[in-house]
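The next block holds one structure in the form of structure tokens; read it before the comments.
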Amino acid sequence: MRRRRIWQPIGALLVAGTVVGGGIAFYSMGNPTKESDPSEIIVRYRTDTVSEELVKPSLEVFNTSKEPVSLGDVRLRYYFTADTDTPYAFNCVQAAAGCSKVTGTVVALDEPTDTADHYLEVGFTADAGTLEPGANSNGIDLQLYRADHGKLKQSNDRSFDGGKTTYKESKTVTAYKRGALVWGEEPEGGAAAAPGGATGSPPAPAIPAGVMFDDFNYRGPQDPALFKHGWLVRTSKGGPGIANTWSADGISFPPAPDALGAQVLQLRAQTDGTPAGTRQAALGTLKQKFRTGTFAARIHFSDKPTSGKNGDHVNQTFFTIGGSGSKYSELDYEYMPNGGWGAPGPKLDTTSWHDADKNDRVTSKSEKSLEGWHTVLVTVTDDAVTYQVDGRKLFTNNKKYAPRADMSVHFNTWFVDLPFKGDRAWDMQIDWVYYNAAGGQSTQEVEAAVKGFSDGGLRYFDTVPAPAS
């Protein structure tokens, strides 16, 4: 069977057993054989809801052999019928080992059946763990959905069984070990020929330590995976901008065919020109654990509102912040297409802070339009901070303004003021975000790393250690 890869999301897994050290290996399934003992692995399945918007398979993997099984050698396939040409996306909600331990790929069958024309293939990283004889991975809670968030039908999906609300064996979910079918029954008509090799294509790049990457595959601001992956939607009071107007209403994850993945993070600020009719949007990491290294994001800045009259002093922001008092630290990208604070636009302010109470900061201003997609970088050492856009250096500040505390990472869209009445909305989009604690990187190095993650089926991982309590 030939495969056509159309979408490569990522999730996570729950693992019992021994953790495997070293790098992370990925195996392209190619065309799996049926030569291995099918009793080596058993897969159990359940689902807790029957929804028109979301597929929620939960899977368990059992090692029934007499030898240890590395989960890095295992692939699972959940078969379904796509209800549209729109790409499907995937994430994981619950996993003991964290959501950095699994890749996910949605693949179209070249020989579809009435109940299967696609499958979700879930693969495990080399450090996901080893199942000893008799061991169970415990539950792997997944979400599969249309990237346009439209309705779907599960009753004609081969692997779906709404009656299995507790874990039971399911042979419509197949399992493979190093390319060989070891559990379940493939869709009739979609049977595979022998692969060219036991491991298929070369392994994908290993996930490095001290790195965070997210391609923003989520269903919306209430998606439990968003919180599990370390993000917080701001709804608290305060500034900046129009005070006390932060709302989850402006956070969405629309489809984006031109982005690295099939979805982007979108932050919408909207207003009718009054404080009561204003909503601002912000998303940030829950933990302050990022300091020296490279921060990067691919961002779409907007020079015009998505709807309504132009002219707002709107601020589209990517920034890091942490600490307080003598350890206060903040690094800002602020793009204002129509200017703000008495200065005309379009302009991009890059600012490093030392003391917010005393307004002690250094700022560089770039006065040009940045409409469209751009890769923005901040490289940080103990002695300096350097800002870059698309590989072009904008500004470097000295040691005084380097961060003195661990920081969180944020994206905001907000209004500096409200200069006129009338309905309008502004959108800022983010394709991906990346952080590497291992020193300064160039734009080319970051983009190559991110592409490697995407090509390997990675959509999210975070190996940055949590701050000491």
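Lettering and numbering for the structure tokens are positional, with chains as A, B, ... in the shown order, residues counted from 1 in each chain, and ligands counted from 1 in the shown order.
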Residues near range 329-334 of chain A, cut-off 9 Å, only C-alpha atoms, skip fewer than 6 positions along chain, as number ranges by chain
A: 315-323, 347-356, 376, 378, 385, 387, 401-407
How would the residues just picked look written out with N, CA, C and O atoms as a CSV table (one decimal), in the first residue's frame?
```
chain,number,residue,atom,x,y,z
A,315,ASN,N,-1.5,47.1,18.8
A,315,ASN,CA,-0.2,46.6,19.1
A,315,ASN,C,-0.2,45.1,19.0
A,315,ASN,O,-0.9,44.4,19.7
A,316,GLN,N,0.6,44.6,18.1
A,316,GLN,CA,0.8,43.1,17.9
A,316,GLN,C,2.1,42.7,18.5
A,316,GLN,O,3.2,43.1,18.0
A,317,THR,N,2.1,41.9,19.6
A,317,THR,CA,3.2,41.8,20.5
A,317,THR,C,3.7,40.3,20.7
A,317,THR,O,2.9,39.4,20.9
A,318,PHE,N,5.0,40.1,20.6
A,318,PHE,CA,5.7,38.9,21.0
A,318,PHE,C,6.7,39.3,22.1
A,318,PHE,O,7.6,40.1,21.8
A,319,PHE,N,6.5,38.7,23.3
A,319,PHE,CA,7.4,39.2,24.4
A,319,PHE,C,7.7,38.1,25.4
A,319,PHE,O,6.9,37.1,25.5
A,320,THR,N,8.7,38.3,26.2
A,320,THR,CA,9.0,37.5,27.4
A,320,THR,C,9.1,38.4,28.6
A,320,THR,O,9.5,39.5,28.5
A,321,ILE,N,8.7,37.8,29.7
A,321,ILE,CA,8.6,38.6,31.0
A,321,ILE,C,8.8,37.7,32.2
A,321,ILE,O,8.4,36.5,32.2
A,322,GLY,N,9.4,38.2,33.2
A,322,GLY,CA,9.6,37.4,34.4
A,322,GLY,C,10.3,38.2,35.5
A,322,GLY,O,10.8,39.3,35.3
A,323,GLY,N,10.3,37.7,36.7
A,323,GLY,CA,11.0,38.4,37.8
A,323,GLY,C,10.2,39.6,38.3
A,323,GLY,O,9.2,39.9,37.8
A,347,LYS,N,5.6,50.9,12.5
A,347,LYS,CA,6.9,50.8,13.2
A,347,LYS,C,6.9,49.5,14.1
A,347,LYS,O,5.9,49.0,14.5
A,348,LEU,N,8.1,49.0,14.3
A,348,LEU,CA,8.4,47.9,15.2
A,348,LEU,C,9.3,48.4,16.2
A,348,LEU,O,10.5,48.8,16.0
A,349,ASP,N,8.9,48.3,17.5
A,349,ASP,CA,9.7,48.6,18.6
A,349,ASP,C,10.3,47.4,19.2
A,349,ASP,O,9.5,46.4,19.5
A,350,THR,N,11.6,47.3,19.4
A,350,THR,CA,12.3,46.2,20.1
A,350,THR,C,12.8,46.8,21.4
A,350,THR,O,13.7,47.7,21.4
A,351,THR,N,12.4,46.2,22.5
A,351,THR,CA,12.8,46.9,23.8
A,351,THR,C,13.2,45.8,24.9
A,351,THR,O,12.6,44.8,25.0
A,352,SER,N,14.3,46.2,25.6
A,352,SER,CA,14.8,45.4,26.7
A,352,SER,C,14.6,46.2,28.0
A,352,SER,O,15.1,47.4,28.0
A,353,TRP,N,14.0,45.6,29.0
A,353,TRP,CA,13.7,46.4,30.2
A,353,TRP,C,14.7,46.0,31.3
A,353,TRP,O,15.1,44.8,31.5
A,354,HIS,N,15.0,47.0,32.2
A,354,HIS,CA,15.8,46.7,33.4
A,354,HIS,C,14.9,47.0,34.6
A,354,HIS,O,15.0,46.3,35.6
A,355,ASP,N,14.1,48.1,34.6
A,355,ASP,CA,13.3,48.4,35.8
A,355,ASP,C,12.0,49.1,35.2
A,355,ASP,O,12.0,50.2,34.7
A,356,ALA,N,10.9,48.4,35.3
A,356,ALA,CA,9.6,48.9,34.8
A,356,ALA,C,9.1,50.1,35.6
A,356,ALA,O,8.6,51.0,35.1
A,376,VAL,N,10.9,36.0,13.6
A,376,VAL,CA,11.5,36.9,14.5
A,376,VAL,C,12.3,36.2,15.6
A,376,VAL,O,11.8,35.1,16.0
A,378,VAL,N,15.0,36.4,19.1
A,378,VAL,CA,15.7,37.1,20.2
A,378,VAL,C,16.8,36.1,20.7
A,378,VAL,O,16.4,35.0,21.2
A,385,VAL,N,21.6,41.0,24.5
A,385,VAL,CA,20.3,40.6,23.9
A,385,VAL,C,20.3,41.1,22.4
A,385,VAL,O,20.6,42.3,22.2
A,387,TYR,N,18.1,41.3,18.7
A,387,TYR,CA,16.9,41.1,18.0
A,387,TYR,C,17.1,41.0,16.5
A,387,TYR,O,17.9,41.8,16.0
A,401,TYR,N,20.8,45.2,30.5
A,401,TYR,CA,19.5,45.0,30.1
A,401,TYR,C,19.2,43.5,29.7
A,401,TYR,O,18.2,43.2,29.1
A,402,ALA,N,20.2,42.7,30.0
A,402,ALA,CA,20.0,41.2,29.8
A,402,ALA,C,19.1,40.7,30.9
A,402,ALA,O,19.1,41.2,32.0
A,403,PRO,N,18.3,39.7,30.6
A,403,PRO,CA,17.4,39.1,31.7
A,403,PRO,C,18.1,38.7,32.9
A,403,PRO,O,19.2,38.0,32.8
A,404,ARG,N,17.6,39.0,34.1
A,404,ARG,CA,18.1,38.5,35.3
A,404,ARG,C,17.3,37.5,36.0
A,404,ARG,O,17.5,37.1,37.2
A,405,ALA,N,16.2,37.0,35.3
A,405,ALA,CA,15.3,36.0,35.9
A,405,ALA,C,14.7,35.2,34.8
A,405,ALA,O,14.8,35.6,33.6
A,406,ASP,N,14.3,34.0,35.1
A,406,ASP,CA,13.5,33.2,34.2
A,406,ASP,C,12.2,33.9,33.8
A,406,ASP,O,11.6,34.6,34.6
A,407,MET,N,11.8,33.6,32.5
A,407,MET,CA,10.7,34.4,32.0
A,407,MET,C,9.7,33.4,31.4
A,407,MET,O,10.0,32.3,31.1
```
Would you please give, as an mmCIF file with N, CA and C atoms, in the first residue's frame, all residues of range 160-266 of chain A that DSSP assigns to strand (DSSP E or B) based on the backbone?
```
data_model
loop_
_atom_site.group_PDB
_atom_site.id
_atom_site.type_symbol
_atom_site.label_atom_id
_atom_site.label_comp_id
_atom_site.auth_asym_id
_atom_site.auth_seq_id
_atom_site.Cartn_x
_atom_site.Cartn_y
_atom_site.Cartn_z
ATOM 1 N N LYS A 168 -11.485 -2.111 26.186
ATOM 2 C CA LYS A 168 -11.687 -3.458 25.683
ATOM 3 C C LYS A 168 -10.796 -3.661 24.473
ATOM 4 N N GLU A 169 -10.442 -4.910 24.225
ATOM 5 C CA GLU A 169 -9.612 -5.204 23.063
ATOM 6 C C GLU A 169 -10.312 -4.759 21.780
ATOM 7 N N VAL A 173 -8.159 -1.371 15.579
ATOM 8 C CA VAL A 173 -6.972 -0.536 15.768
ATOM 9 C C VAL A 173 -5.774 -1.458 15.600
ATOM 10 N N THR A 174 -4.921 -1.174 14.641
ATOM 11 C CA THR A 174 -3.797 -2.069 14.372
ATOM 12 C C THR A 174 -2.529 -1.566 15.046
ATOM 13 N N ALA A 175 -1.633 -2.504 15.350
ATOM 14 C CA ALA A 175 -0.347 -2.180 15.951
ATOM 15 C C ALA A 175 0.759 -2.842 15.151
ATOM 16 N N TYR A 176 1.901 -2.168 15.058
ATOM 17 C CA TYR A 176 3.046 -2.631 14.279
ATOM 18 C C TYR A 176 4.299 -2.495 15.134
ATOM 19 N N LYS A 177 5.167 -3.472 14.985
ATOM 20 C CA LYS A 177 6.463 -3.424 15.644
ATOM 21 C C LYS A 177 7.535 -3.486 14.564
ATOM 22 N N ALA A 180 6.154 -4.453 11.184
ATOM 23 C CA ALA A 180 5.420 -5.701 11.032
ATOM 24 C C ALA A 180 4.123 -5.639 11.826
ATOM 25 N N LEU A 181 3.037 -6.078 11.212
ATOM 26 C CA LEU A 181 1.740 -6.102 11.880
ATOM 27 C C LEU A 181 1.761 -7.133 13.004
ATOM 28 N N VAL A 182 1.476 -6.697 14.235
ATOM 29 C CA VAL A 182 1.475 -7.602 15.381
ATOM 30 C C VAL A 182 0.131 -7.622 16.104
ATOM 31 N N TRP A 183 -0.782 -6.775 15.698
ATOM 32 C CA TRP A 183 -2.110 -6.776 16.333
ATOM 33 C C TRP A 183 -3.122 -6.154 15.369
ATOM 34 N N VAL A 211 14.667 22.372 24.858
ATOM 35 C CA VAL A 211 13.995 22.991 23.712
ATOM 36 C C VAL A 211 12.485 22.908 23.892
ATOM 37 N N MET A 212 11.798 23.967 23.507
ATOM 38 C CA MET A 212 10.338 23.985 23.448
ATOM 39 C C MET A 212 9.917 24.345 22.024
ATOM 40 N N PHE A 213 8.957 23.592 21.478
ATOM 41 C CA PHE A 213 8.425 23.858 20.142
ATOM 42 C C PHE A 213 6.933 23.579 20.148
ATOM 43 N N ASP A 214 6.154 24.473 19.535
ATOM 44 C CA ASP A 214 4.713 24.249 19.413
ATOM 45 C C ASP A 214 4.228 24.803 18.080
ATOM 46 N N TRP A 231 0.105 26.197 28.255
ATOM 47 C CA TRP A 231 -0.351 27.523 27.850
ATOM 48 C C TRP A 231 -1.502 28.010 28.721
ATOM 49 N N LEU A 232 -1.614 29.322 28.836
ATOM 50 C CA LEU A 232 -2.692 29.951 29.591
ATOM 51 C C LEU A 232 -3.304 31.074 28.759
ATOM 52 N N VAL A 233 -4.622 31.016 28.561
ATOM 53 C CA VAL A 233 -5.362 32.097 27.894
ATOM 54 C C VAL A 233 -5.670 33.160 28.934
ATOM 55 N N TRP A 246 -9.401 41.705 28.633
ATOM 56 C CA TRP A 246 -8.813 40.461 28.130
ATOM 57 C C TRP A 246 -9.857 39.357 28.123
ATOM 58 N N ILE A 251 -9.145 34.148 20.982
ATOM 59 C CA ILE A 251 -8.178 33.071 20.744
ATOM 60 C C ILE A 251 -8.820 31.993 19.882
ATOM 61 N N SER A 252 -8.210 31.686 18.748
ATOM 62 C CA SER A 252 -8.713 30.618 17.880
ATOM 63 C C SER A 252 -7.534 29.970 17.160
ATOM 64 N N PRO A 255 -7.663 27.014 10.241
ATOM 65 C CA PRO A 255 -6.814 26.328 9.261
ATOM 66 C C PRO A 255 -5.994 27.341 8.481
ATOM 67 N N GLN A 263 -2.779 24.459 10.892
ATOM 68 C CA GLN A 263 -3.431 25.435 11.753
ATOM 69 C C GLN A 263 -2.438 26.488 12.211
ATOM 70 N N LEU A 265 -2.152 29.785 15.405
ATOM 71 C CA LEU A 265 -2.738 30.510 16.524
ATOM 72 C C LEU A 265 -3.146 31.892 16.031
ATOM 73 N N GLN A 266 -4.398 32.284 16.293
ATOM 74 C CA GLN A 266 -4.866 33.612 15.908
ATOM 75 C C GLN A 266 -5.330 34.366 17.146
#
```
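For Ala209 in chain A, the list of residues within 9 Å, based on only C-alpha atoms and with local chain neighbours fewer than 2 positions off taken out, reads Ile207, Val211, Met212, Asn436, Ala437, Ala438, Asp462, Thr463, Val464 and Pro465 of chain A.
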Selection file, all heavy atoms, as a PDB file, in the first residue's frame:
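Result saved to out_37.pdb:
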```
ATOM      1  N   ILE A 207      14.886  14.714  19.454  1.00  0.00           N
ATOM      2  CA  ILE A 207      14.457  15.920  20.155  1.00  0.00           C
ATOM      3  C   ILE A 207      15.546  16.326  21.137  1.00  0.00           C
ATOM      4  O   ILE A 207      15.895  15.552  22.032  1.00  0.00           O
ATOM      5  CB  ILE A 207      13.137  15.692  20.898  1.00  0.00           C
ATOM      6  CG1 ILE A 207      12.025  15.335  19.908  1.00  0.00           C
ATOM      7  CG2 ILE A 207      12.745  16.924  21.693  1.00  0.00           C
ATOM      8  CD1 ILE A 207      10.728  14.969  20.575  1.00  0.00           C
ATOM      9  N   VAL A 211      14.667  22.372  24.858  1.00  0.00           N
ATOM     10  CA  VAL A 211      13.995  22.991  23.712  1.00  0.00           C
ATOM     11  C   VAL A 211      12.485  22.908  23.892  1.00  0.00           C
ATOM     12  O   VAL A 211      11.956  21.898  24.364  1.00  0.00           O
ATOM     13  CB  VAL A 211      14.400  22.308  22.390  1.00  0.00           C
ATOM     14  CG1 VAL A 211      13.597  22.856  21.211  1.00  0.00           C
ATOM     15  CG2 VAL A 211      15.887  22.496  22.134  1.00  0.00           C
ATOM     16  N   MET A 212      11.798  23.967  23.507  1.00  0.00           N
ATOM     17  CA  MET A 212      10.338  23.985  23.448  1.00  0.00           C
ATOM     18  C   MET A 212       9.917  24.345  22.024  1.00  0.00           C
ATOM     19  O   MET A 212      10.471  25.269  21.423  1.00  0.00           O
ATOM     20  CB  MET A 212       9.756  24.995  24.429  1.00  0.00           C
ATOM     21  CG  MET A 212       8.217  25.023  24.469  1.00  0.00           C
ATOM     22  SD  MET A 212       7.479  26.206  23.297  1.00  0.00           S
ATOM     23  CE  MET A 212       7.798  27.762  24.131  1.00  0.00           C
ATOM     24  N   ASN A 436      15.305  27.526  22.437  1.00  0.00           N
ATOM     25  CA  ASN A 436      16.421  26.608  22.638  1.00  0.00           C
ATOM     26  C   ASN A 436      17.367  27.241  23.649  1.00  0.00           C
ATOM     27  O   ASN A 436      17.921  28.310  23.403  1.00  0.00           O
ATOM     28  CB  ASN A 436      17.146  26.333  21.317  1.00  0.00           C
ATOM     29  CG  ASN A 436      18.152  25.202  21.423  1.00  0.00           C
ATOM     30  OD1 ASN A 436      18.706  24.944  22.489  1.00  0.00           O
ATOM     31  ND2 ASN A 436      18.395  24.518  20.312  1.00  0.00           N
ATOM     32  N   ALA A 437      17.546  26.558  24.776  1.00  0.00           N
ATOM     33  CA  ALA A 437      18.389  27.095  25.847  1.00  0.00           C
ATOM     34  C   ALA A 437      19.876  26.972  25.559  1.00  0.00           C
ATOM     35  O   ALA A 437      20.695  27.538  26.289  1.00  0.00           O
ATOM     36  CB  ALA A 437      18.066  26.382  27.162  1.00  0.00           C
ATOM     37  N   ALA A 438      20.231  26.259  24.484  1.00  0.00           N
ATOM     38  CA  ALA A 438      21.647  25.924  24.247  1.00  0.00           C
ATOM     39  C   ALA A 438      22.399  26.991  23.474  1.00  0.00           C
ATOM     40  O   ALA A 438      23.267  26.675  22.672  1.00  0.00           O
ATOM     41  CB  ALA A 438      21.742  24.582  23.530  1.00  0.00           C
ATOM     42  N   ASP A 462       8.309  19.773  24.699  1.00  0.00           N
ATOM     43  CA  ASP A 462       8.915  20.709  25.650  1.00  0.00           C
ATOM     44  C   ASP A 462       9.854  19.927  26.554  1.00  0.00           C
ATOM     45  O   ASP A 462       9.412  19.140  27.397  1.00  0.00           O
ATOM     46  CB  ASP A 462       7.845  21.411  26.477  1.00  0.00           C
ATOM     47  CG  ASP A 462       8.408  22.487  27.400  1.00  0.00           C
ATOM     48  OD1 ASP A 462       9.644  22.604  27.485  1.00  0.00           O
ATOM     49  OD2 ASP A 462       7.605  23.205  28.041  1.00  0.00           O
ATOM     50  N   THR A 463      11.154  20.095  26.343  1.00  0.00           N
ATOM     51  CA  THR A 463      12.155  19.443  27.176  1.00  0.00           C
ATOM     52  C   THR A 463      12.910  20.455  28.044  1.00  0.00           C
ATOM     53  O   THR A 463      14.006  20.161  28.529  1.00  0.00           O
ATOM     54  CB  THR A 463      13.147  18.653  26.307  1.00  0.00           C
ATOM     55  OG1 THR A 463      13.778  19.545  25.371  1.00  0.00           O
ATOM     56  CG2 THR A 463      12.440  17.556  25.531  1.00  0.00           C
ATOM     57  N   VAL A 464      12.344  21.650  28.203  1.00  0.00           N
ATOM     58  CA  VAL A 464      12.950  22.660  29.070  1.00  0.00           C
ATOM     59  C   VAL A 464      12.618  22.318  30.515  1.00  0.00           C
ATOM     60  O   VAL A 464      11.434  22.185  30.854  1.00  0.00           O
ATOM     61  CB  VAL A 464      12.446  24.072  28.717  1.00  0.00           C
ATOM     62  CG1 VAL A 464      13.093  25.119  29.622  1.00  0.00           C
ATOM     63  CG2 VAL A 464      12.706  24.384  27.257  1.00  0.00           C
ATOM     64  N   PRO A 465      13.608  22.169  31.384  1.00  0.00           N
ATOM     65  CA  PRO A 465      13.303  21.777  32.761  1.00  0.00           C
ATOM     66  C   PRO A 465      12.434  22.816  33.463  1.00  0.00           C
ATOM     67  O   PRO A 465      12.536  24.025  33.215  1.00  0.00           O
ATOM     68  CB  PRO A 465      14.687  21.702  33.426  1.00  0.00           C
ATOM     69  CG  PRO A 465      15.654  21.559  32.290  1.00  0.00           C
ATOM     70  CD  PRO A 465      15.044  22.312  31.140  1.00  0.00           C
TER      71      PRO A 465
END
```
For a quick check of understanding, using only C-alpha atoms, which of A:Asn91, A:Thr84, A:Ser137, A:Ser326 has the smallest distance to Val69 in chain A?
A:Ser137
Please indicate the distance in Å from CA of Ala135 in chain A to CA of Gly179 in chain A, rounded to one decimal place.
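These atoms are spaced 21.2 Å apart.
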Can you tell me which residues surround range 150-159 of chain A at a distance of at most 8 Å, considering only C-alpha atoms, apart from same-chain residues fewer than 2 positions away, and format the answer as a PyMOL selection string?
chain A and resi 50-55+78-83+114-116+145-148+161+170+172-173+187
Val122 in chain A environment, 6 Å, only C-alpha atoms, sequence neighbours closer than 5 positions dropped, as a ChimeraX atom specification
/A:75-76,103-104
Take the residues that were just selected and, keeping all heavy atoms, output them as a short mmCIF file (atom, residue, chain, number, x, y, z; two decimals), in the first residue's frame.
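As written to disk, out10.cif reads:
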```cif
data_model
loop_
_atom_site.label_atom_id
_atom_site.label_comp_id
_atom_site.auth_asym_id
_atom_site.auth_seq_id
_atom_site.Cartn_x
_atom_site.Cartn_y
_atom_site.Cartn_z
N ARG A 75 4.05 1.33 16.36
CA ARG A 75 3.13 2.28 15.72
C ARG A 75 1.71 1.74 15.86
O ARG A 75 1.47 0.53 15.75
CB ARG A 75 3.46 2.48 14.24
CG ARG A 75 4.81 3.16 13.99
CD ARG A 75 4.79 4.63 14.45
NE ARG A 75 6.03 5.30 14.15
CZ ARG A 75 7.05 5.38 14.98
NH1 ARG A 75 6.99 4.78 16.15
NH2 ARG A 75 8.15 6.03 14.65
N LEU A 76 0.77 2.66 16.09
CA LEU A 76 -0.65 2.33 16.17
C LEU A 76 -1.39 3.05 15.06
O LEU A 76 -1.04 4.19 14.72
CB LEU A 76 -1.23 2.74 17.52
CG LEU A 76 -0.50 2.25 18.78
CD1 LEU A 76 -1.15 2.85 20.01
CD2 LEU A 76 -0.50 0.73 18.84
N THR A 103 4.70 11.08 18.15
CA THR A 103 4.39 11.78 16.91
C THR A 103 3.04 11.29 16.41
O THR A 103 2.59 10.20 16.75
CB THR A 103 5.44 11.51 15.83
OG1 THR A 103 5.46 10.12 15.53
CG2 THR A 103 6.82 11.96 16.29
N GLY A 104 2.39 12.10 15.59
CA GLY A 104 1.13 11.69 14.98
C GLY A 104 1.08 12.13 13.54
O GLY A 104 1.51 13.23 13.20
#
```
With only C-alpha atoms as the counted atoms, please give the residues lying no more than 7 Å from Lys421 in chain A, apart from itself and same-chain residues fewer than 4 positions off, as a list in words.
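Non-adjacent residues within range: Asp272, Gly273 and Thr274 of chain A.
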Write the residues of the selection above to a file with C-alpha atoms, as a compact mmCIF listing (two decimals), in the first residue's frame.
```
# COMPACT_ATOMS: atom_id res chain seq x y z
CA ASP A 272 -16.76 49.17 18.76
CA GLY A 273 -14.70 52.13 19.88
CA THR A 274 -15.79 51.99 23.53
```
Would you pick out the contacts of Gly311 in chain A at 12 Å or less, using only C-alpha atoms, so that residues sharing its chain but fewer than 6 positions from it are not included, and give the list as a compact mmCIF listing (two decimals) with N, CA, C and O atoms, in the first residue's frame?
```txt
# COMPACT_ATOMS: atom_id res chain seq x y z
N GLY A 273 -15.18 50.79 19.58
CA GLY A 273 -14.70 52.13 19.88
C GLY A 273 -14.95 52.58 21.31
O GLY A 273 -14.58 53.68 21.69
N ASP A 303 -1.28 45.02 8.67
CA ASP A 303 -1.31 46.47 8.52
C ASP A 303 -2.72 47.02 8.44
O ASP A 303 -2.92 48.23 8.56
N LYS A 304 -3.70 46.14 8.22
CA LYS A 304 -5.09 46.56 8.08
C LYS A 304 -5.97 45.67 8.95
O LYS A 304 -5.65 44.51 9.19
N PRO A 305 -7.11 46.20 9.39
CA PRO A 305 -8.02 45.36 10.18
C PRO A 305 -8.64 44.28 9.31
O PRO A 305 -8.80 44.45 8.09
N MET A 336 3.30 48.12 15.53
CA MET A 336 2.16 49.05 15.51
C MET A 336 2.01 49.62 14.10
O MET A 336 2.73 50.56 13.72
N PRO A 337 1.12 49.06 13.28
CA PRO A 337 1.01 49.49 11.88
C PRO A 337 0.60 50.95 11.72
O PRO A 337 0.99 51.60 10.74
N ASN A 338 -0.17 51.47 12.69
CA ASN A 338 -0.59 52.87 12.63
C ASN A 338 0.06 53.71 13.71
O ASN A 338 -0.39 54.82 14.01
N GLY A 339 1.15 53.19 14.27
CA GLY A 339 1.86 53.94 15.29
C GLY A 339 1.14 53.90 16.62
O GLY A 339 0.14 53.20 16.82
N GLY A 340 1.66 54.69 17.56
CA GLY A 340 1.10 54.76 18.91
C GLY A 340 1.99 55.55 19.82
O GLY A 340 3.17 55.77 19.52
N PRO A 344 4.34 57.99 14.68
CA PRO A 344 3.62 57.44 13.53
C PRO A 344 4.05 56.01 13.23
O PRO A 344 5.08 55.53 13.70
N GLY A 345 3.26 55.34 12.42
CA GLY A 345 3.58 53.99 11.99
C GLY A 345 3.62 53.92 10.47
O GLY A 345 3.41 54.92 9.79
N PRO A 346 3.93 52.75 9.95
CA PRO A 346 4.18 51.52 10.69
C PRO A 346 5.54 51.53 11.38
O PRO A 346 6.50 52.08 10.86
N PHE A 415 -5.15 47.22 21.99
CA PHE A 415 -5.29 48.60 21.54
C PHE A 415 -4.58 49.56 22.50
O PHE A 415 -4.81 49.51 23.71
N VAL A 416 -3.74 50.43 21.94
CA VAL A 416 -3.10 51.47 22.76
C VAL A 416 -4.15 52.46 23.27
O VAL A 416 -4.11 52.90 24.42
N ASP A 417 -5.10 52.79 22.38
CA ASP A 417 -6.20 53.68 22.74
C ASP A 417 -7.34 53.41 21.76
O ASP A 417 -7.24 52.52 20.90
N LEU A 418 -8.42 54.17 21.88
CA LEU A 418 -9.58 54.02 21.01
C LEU A 418 -9.88 55.36 20.35
O LEU A 418 -10.61 56.18 20.90
N PRO A 419 -9.30 55.64 19.17
CA PRO A 419 -9.39 56.97 18.59
C PRO A 419 -10.72 57.29 17.91
O PRO A 419 -10.97 58.47 17.61
N PHE A 420 -11.58 56.30 17.67
CA PHE A 420 -12.86 56.59 16.99
C PHE A 420 -13.85 55.47 17.28
O PHE A 420 -13.48 54.39 17.76
N LYS A 421 -15.12 55.70 16.97
CA LYS A 421 -16.19 54.74 17.19
C LYS A 421 -16.41 53.89 15.94
O LYS A 421 -16.02 54.26 14.83
N GLY A 422 -17.04 52.73 16.15
CA GLY A 422 -17.34 51.84 15.04
C GLY A 422 -16.71 50.47 15.23
O GLY A 422 -15.65 50.34 15.85
N ARG A 424 -14.64 47.15 14.52
CA ARG A 424 -13.50 46.69 13.73
C ARG A 424 -12.78 45.58 14.51
O ARG A 424 -12.96 45.45 15.72
N ALA A 425 -12.00 44.78 13.78
CA ALA A 425 -11.27 43.66 14.38
C ALA A 425 -9.90 43.54 13.73
O ALA A 425 -9.76 43.69 12.51
N TRP A 426 -8.89 43.24 14.54
CA TRP A 426 -7.52 43.07 14.09
C TRP A 426 -7.04 41.66 14.45
O TRP A 426 -7.24 41.20 15.59
```
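Proximity of A:Ala449, A:Leu377, A:Val314, A:Ala296 to Thr271 in chain A, computed with only C-alpha atoms, is greatest for A:Val314.
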Please determine, counting only C-alpha atoms, which residue among A:Glu132, A:Tyr218, A:Gln270, A:Arg459 has the shortest atom-to-atom distance to Ser100 in chain A.
A:Arg459
I'd like to know which of A:Asp258, A:Glu188, A:Asp48, A:Asp215 is closest to Phe160 in chain A, using only C-alpha atoms.
A:Asp48
DSSP-assigned helix (DSSP H, G or I) among range 259-460 of chain A, expressed as a PyMOL selection string:
chain A and resi 275-277+325-327+399-401+443-455
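Distance-wise, CA of Val102 in chain A and CA of Gly72 in chain A end up 9.0 Å apart.
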Separation of CA of Lys327 in chain A from CA of Gly210 in chain A, in Å and rounded to one decimal:
22.3 Å
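Using only C-alpha atoms, the nearest neighbour of Gly457 in chain A within the list A:Glu121, A:Glu60, A:Glu67, A:Glu185 is A:Glu121.
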